[in-house]
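Undergrad: After the structure tokens below, expect a handful of questions from me.
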Amino acid sequence: MDKKINLSQLADLLAQAGGMSKAASEQFVKSFFDIISQGVLSEGLVKVKGLGTFKLLQMEDRESVNVNTGERFTIEGHQKISFSPDAELKERINKPFSAFETVEITAEQAAELSKLDESVNDSKETPEPEETAAIVAAESAKEQKTETESQPEVKEVTQKRFTRFILKLLIWILAIALVVPVLLYLFWPLVGCQILGYIDNRMGKKQPAVTTVETPKDSLKVTEIEQPAETVKPAAPVEPAKPVQATQATATIRPVKLTPADEAKDLSLFTTADTVNYRITGELATHVLKKGETLTKVALDYYGSKKLWPYIAKYNKNLKNFNNLKVGDKIRVPKLEGK
Amino acid sequence: MNNKQFLTELSGKCQMSTEQAAKQAQTLIDVMENLWQGGDSVSLSGFGVLEVKKKNERVSVNPTTGVRMLVPPKLVLTYKPSSILKDKLK
């Protein structure tokens, strides 16, 4: 261990392993390394299979600072011999540590690490997880103590935080107030009809559509949901399921009456026709969300039409934020029956 | 200089066939690898030192995404050229 092996020792070992005389193997080792160094000097590159590559690198001039005097000076360009080991050899050398892998550090772990760095700076050993827990506990205990000792300061801090929070809240409200109308305006032909259908569905047909448009909260929800839905690939089989076909003829009349804008009339024929004319009669299935799925996708899968997603939304009121669905979330798919 | 050129030159210098030289070179590398695995370093006057060094674990940051990664410790074979060889460069 930790010995320095010189030329003759290496030649000895080679003679034992390779079945050559000692003199011959010494000659061999000597010329082996002579050729490498000469090759690097003359050609700038030597590749040896199983060992690696020796390369001559040209270093550019660079500026540096004398640590003692603070003077700047230039290190002149020079040549340098670099060595990069053969990939296989590298792996074999690193075998004791090969089990480790590069891991991503999350924000919490980073915070813990920095804490550790502060508290365990002097100790050379890498801290065990148990130790870290103890340290964190100790630190939190300390913090509690200091809190009780200096209560006025804490009050000030909380006040500052409070004002900051209110400021943030105001900014958010302003931003939302600005963005929502713009989004609504931009996506009106697409979203407006969806909203109408959605709200009609919720309120029943007695509610006039004109008034419902003005409720910003609902519209916000729908606009936000609508955007990811757009990215879903246009489904090839638009053939609606059986009940849809049956009721389509009667369904087309009502939404025309309800929509106020002339422009939206034609579109609404397509977009709201399906969404107003069903009753939820029971539960069809529970669906576990997979990656990349949206409510519209689920609707397409179960009913054969993307437009019927509001029924699923209505049936899953317990899931409040449809923008924040996760893979593995369970969605109850309602059974629909034409009115 | 690639491996083939290296081996032909080696065989010429030691008066043996290229195949023989390749075989011997492989055994030499194997012998050295055993030494490195055992923690020894190979030092040759006029050439330099080949030894295995342990690199500590470190935290690296991806500059474009800002993602922090913990890079594990590793053993790396390093080469430090001798001062004689360095002088020849100038």
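The way I read the labels, and the way they are meant: chains A, B, ... in the order of the structure tokens, residue 1 as the first residue of every chain, and ligand 1 as the first ligand shown, with later ones counted on from there.
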Can you tell me, as a list in words, what residues are no more than 12 Å from Ala23 (chain A) when counting only C-alpha atoms, ignoring any on the same chain fewer than 6 positions away?

TA: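 Contacts, with the query itself left out: Leu7, Ser8, Gln9, Leu10, Ala11, Asp12, Leu14, Ala15, Val29 and Lys30 of chain A; Cys14 of chain B.
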
Undergrad: Those same residues - C-alpha atoms - I'd like them written as a compact mmCIF listing (two decimals), in the first residue's frame.

TA:
```
# COMPACT_ATOMS: atom_id res chain seq x y z
CA LEU A 7 11.34 0.89 -12.98
CA SER A 8 13.17 -2.21 -11.73
CA GLN A 9 10.36 -3.26 -9.43
CA LEU A 10 7.90 -2.89 -12.26
CA ALA A 11 10.18 -4.91 -14.52
CA ASP A 12 10.33 -7.65 -11.84
CA LEU A 14 6.31 -7.92 -15.46
CA ALA A 15 8.89 -10.68 -15.70
CA VAL A 29 9.21 -1.21 -19.76
CA LYS A 30 11.87 1.37 -20.46
CA CYS B 14 12.59 -4.59 -28.40
```

Undergrad: Report as a compact mmCIF listing (two decimals) with C-alpha atoms, in the first residue's frame all protein, DNA and RNA residues lying within 7 Å of Ser82 (chain B), evaluated on only C-alpha atoms, omitting residues in the same chain fewer than 3 positions from it.

TA:
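Just written: out_16.txt:
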```
# COMPACT_ATOMS: atom_id res chain seq x y z
CA GLY B 46 12.28 10.66 -16.93
CA PHE B 47 8.59 9.95 -17.50
CA GLY B 48 6.55 10.82 -14.45
CA LEU B 85 10.08 15.74 -19.36
CA LYS B 86 8.63 19.16 -18.58
```

Undergrad: Write out as JSON lines a residue-level contact list of chain A versus chain B with cut-off 8 Å: for each qualifying residue the closest pair of atoms and the distance in Å to one decimal, counting only C-alpha atoms, rows sorted by chain and residue number upward.

TA:
```
{"residue": "A:Met1", "atom": "CA", "partner": "B:Gly39", "partner_atom": "CA", "distance": 5.2}
{"residue": "A:Asp2", "atom": "CA", "partner": "B:Asp40", "partner_atom": "CA", "distance": 4.5}
{"residue": "A:Lys3", "atom": "CA", "partner": "B:Asp40", "partner_atom": "CA", "distance": 4.9}
{"residue": "A:Lys4", "atom": "CA", "partner": "B:Ser41", "partner_atom": "CA", "distance": 5.1}
{"residue": "A:Ile5", "atom": "CA", "partner": "B:Val42", "partner_atom": "CA", "distance": 4.8}
{"residue": "A:Asn6", "atom": "CA", "partner": "B:Ser43", "partner_atom": "CA", "distance": 5.3}
{"residue": "A:Leu7", "atom": "CA", "partner": "B:Leu44", "partner_atom": "CA", "distance": 5.7}
{"residue": "A:Leu10", "atom": "CA", "partner": "B:Met32", "partner_atom": "CA", "distance": 7.8}
{"residue": "A:Leu13", "atom": "CA", "partner": "B:Val31", "partner_atom": "CA", "distance": 6.9}
{"residue": "A:Leu14", "atom": "CA", "partner": "B:Leu28", "partner_atom": "CA", "distance": 5.9}
{"residue": "A:Ala17", "atom": "CA", "partner": "B:Thr27", "partner_atom": "CA", "distance": 7.0}
{"residue": "A:Gly18", "atom": "CA", "partner": "B:Thr27", "partner_atom": "CA", "distance": 6.4}
{"residue": "A:Gln27", "atom": "CA", "partner": "B:Cys14", "partner_atom": "CA", "distance": 7.2}
{"residue": "A:Phe28", "atom": "CA", "partner": "B:Cys14", "partner_atom": "CA", "distance": 6.3}
{"residue": "A:Val29", "atom": "CA", "partner": "B:Leu28", "partner_atom": "CA", "distance": 7.7}
{"residue": "A:Ser31", "atom": "CA", "partner": "B:Leu10", "partner_atom": "CA", "distance": 6.7}
{"residue": "A:Phe32", "atom": "CA", "partner": "B:Leu10", "partner_atom": "CA", "distance": 6.4}
{"residue": "A:Phe33", "atom": "CA", "partner": "B:Phe47", "partner_atom": "CA", "distance": 6.7}
{"residue": "A:Asp34", "atom": "CA", "partner": "B:Phe47", "partner_atom": "CA", "distance": 7.4}
{"residue": "A:Ile35", "atom": "CA", "partner": "B:Leu10", "partner_atom": "CA", "distance": 7.2}
{"residue": "A:Ile36", "atom": "CA", "partner": "B:Phe6", "partner_atom": "CA", "distance": 7.9}
{"residue": "A:Ser37", "atom": "CA", "partner": "B:Phe47", "partner_atom": "CA", "distance": 6.6}
{"residue": "A:Gly39", "atom": "CA", "partner": "B:Met1", "partner_atom": "CA", "distance": 6.7}
{"residue": "A:Leu41", "atom": "CA", "partner": "B:Leu89", "partner_atom": "CA", "distance": 7.1}
{"residue": "A:Glu43", "atom": "CA", "partner": "B:Met1", "partner_atom": "CA", "distance": 6.6}
{"residue": "A:Leu45", "atom": "CA", "partner": "B:Met1", "partner_atom": "CA", "distance": 5.7}
{"residue": "A:Val46", "atom": "CA", "partner": "B:Met1", "partner_atom": "CA", "distance": 4.7}
{"residue": "A:Lys47", "atom": "CA", "partner": "B:Asn2", "partner_atom": "CA", "distance": 4.8}
{"residue": "A:Val48", "atom": "CA", "partner": "B:Asn3", "partner_atom": "CA", "distance": 5.0}
{"residue": "A:Lys49", "atom": "CA", "partner": "B:Asn3", "partner_atom": "CA", "distance": 5.9}
{"residue": "A:Gly50", "atom": "CA", "partner": "B:Ile29", "partner_atom": "CA", "distance": 7.1}
{"residue": "A:Leu51", "atom": "CA", "partner": "B:Ile29", "partner_atom": "CA", "distance": 6.6}
{"residue": "A:His78", "atom": "CA", "partner": "B:Lys90", "partner_atom": "CA", "distance": 7.8}
{"residue": "A:Gln79", "atom": "CA", "partner": "B:Leu89", "partner_atom": "CA", "distance": 6.7}
{"residue": "A:Lys80", "atom": "CA", "partner": "B:Lys86", "partner_atom": "CA", "distance": 7.8}
{"residue": "A:Ile81", "atom": "CA", "partner": "B:Pro81", "partner_atom": "CA", "distance": 7.0}
{"residue": "A:Ser82", "atom": "CA", "partner": "B:Tyr79", "partner_atom": "CA", "distance": 7.5}
{"residue": "A:Phe83", "atom": "CA", "partner": "B:Tyr79", "partner_atom": "CA", "distance": 6.0}
{"residue": "A:Ser84", "atom": "CA", "partner": "B:Thr78", "partner_atom": "CA", "distance": 7.8}
{"residue": "A:Pro85", "atom": "CA", "partner": "B:Leu77", "partner_atom": "CA", "distance": 6.7}
{"residue": "A:Lys90", "atom": "CA", "partner": "B:Val76", "partner_atom": "CA", "distance": 6.8}
{"residue": "A:Ile93", "atom": "CA", "partner": "B:Leu75", "partner_atom": "CA", "distance": 6.4}
{"residue": "A:Asn94", "atom": "CA", "partner": "B:Leu75", "partner_atom": "CA", "distance": 4.8}
{"residue": "A:Phe97", "atom": "CA", "partner": "B:Lys74", "partner_atom": "CA", "distance": 5.8}
{"residue": "A:Ser98", "atom": "CA", "partner": "B:Lys74", "partner_atom": "CA", "distance": 7.8}
{"residue": "A:Phe100", "atom": "CA", "partner": "B:Pro72", "partner_atom": "CA", "distance": 5.9}
{"residue": "A:Glu101", "atom": "CA", "partner": "B:Pro72", "partner_atom": "CA", "distance": 6.2}
{"residue": "A:Thr102", "atom": "CA", "partner": "B:Val71", "partner_atom": "CA", "distance": 4.7}
{"residue": "A:Val103", "atom": "CA", "partner": "B:Leu70", "partner_atom": "CA", "distance": 5.3}
{"residue": "A:Glu104", "atom": "CA", "partner": "B:Met69", "partner_atom": "CA", "distance": 4.4}
{"residue": "A:Ile105", "atom": "CA", "partner": "B:Arg68", "partner_atom": "CA", "distance": 5.5}
{"residue": "A:Thr106", "atom": "CA", "partner": "B:Arg68", "partner_atom": "CA", "distance": 7.7}
```

Undergrad: Just the number, please: distance in Å from CA of Gly197 (chain A) to CA of Gly282 (chain A), one decimal.

TA: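 Between CA of Gly197 (chain A) and CA of Gly282 (chain A) the gap works out to 20.7 Å.
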
Undergrad: Excluding same-chain residues fewer than 4 positions from Thr281 (chain A), what lies within 10 Å of it counting only C-alpha atoms, as a list in words?

TA: Pro334, Lys335, Leu336, Glu337 and Gly338 of chain A
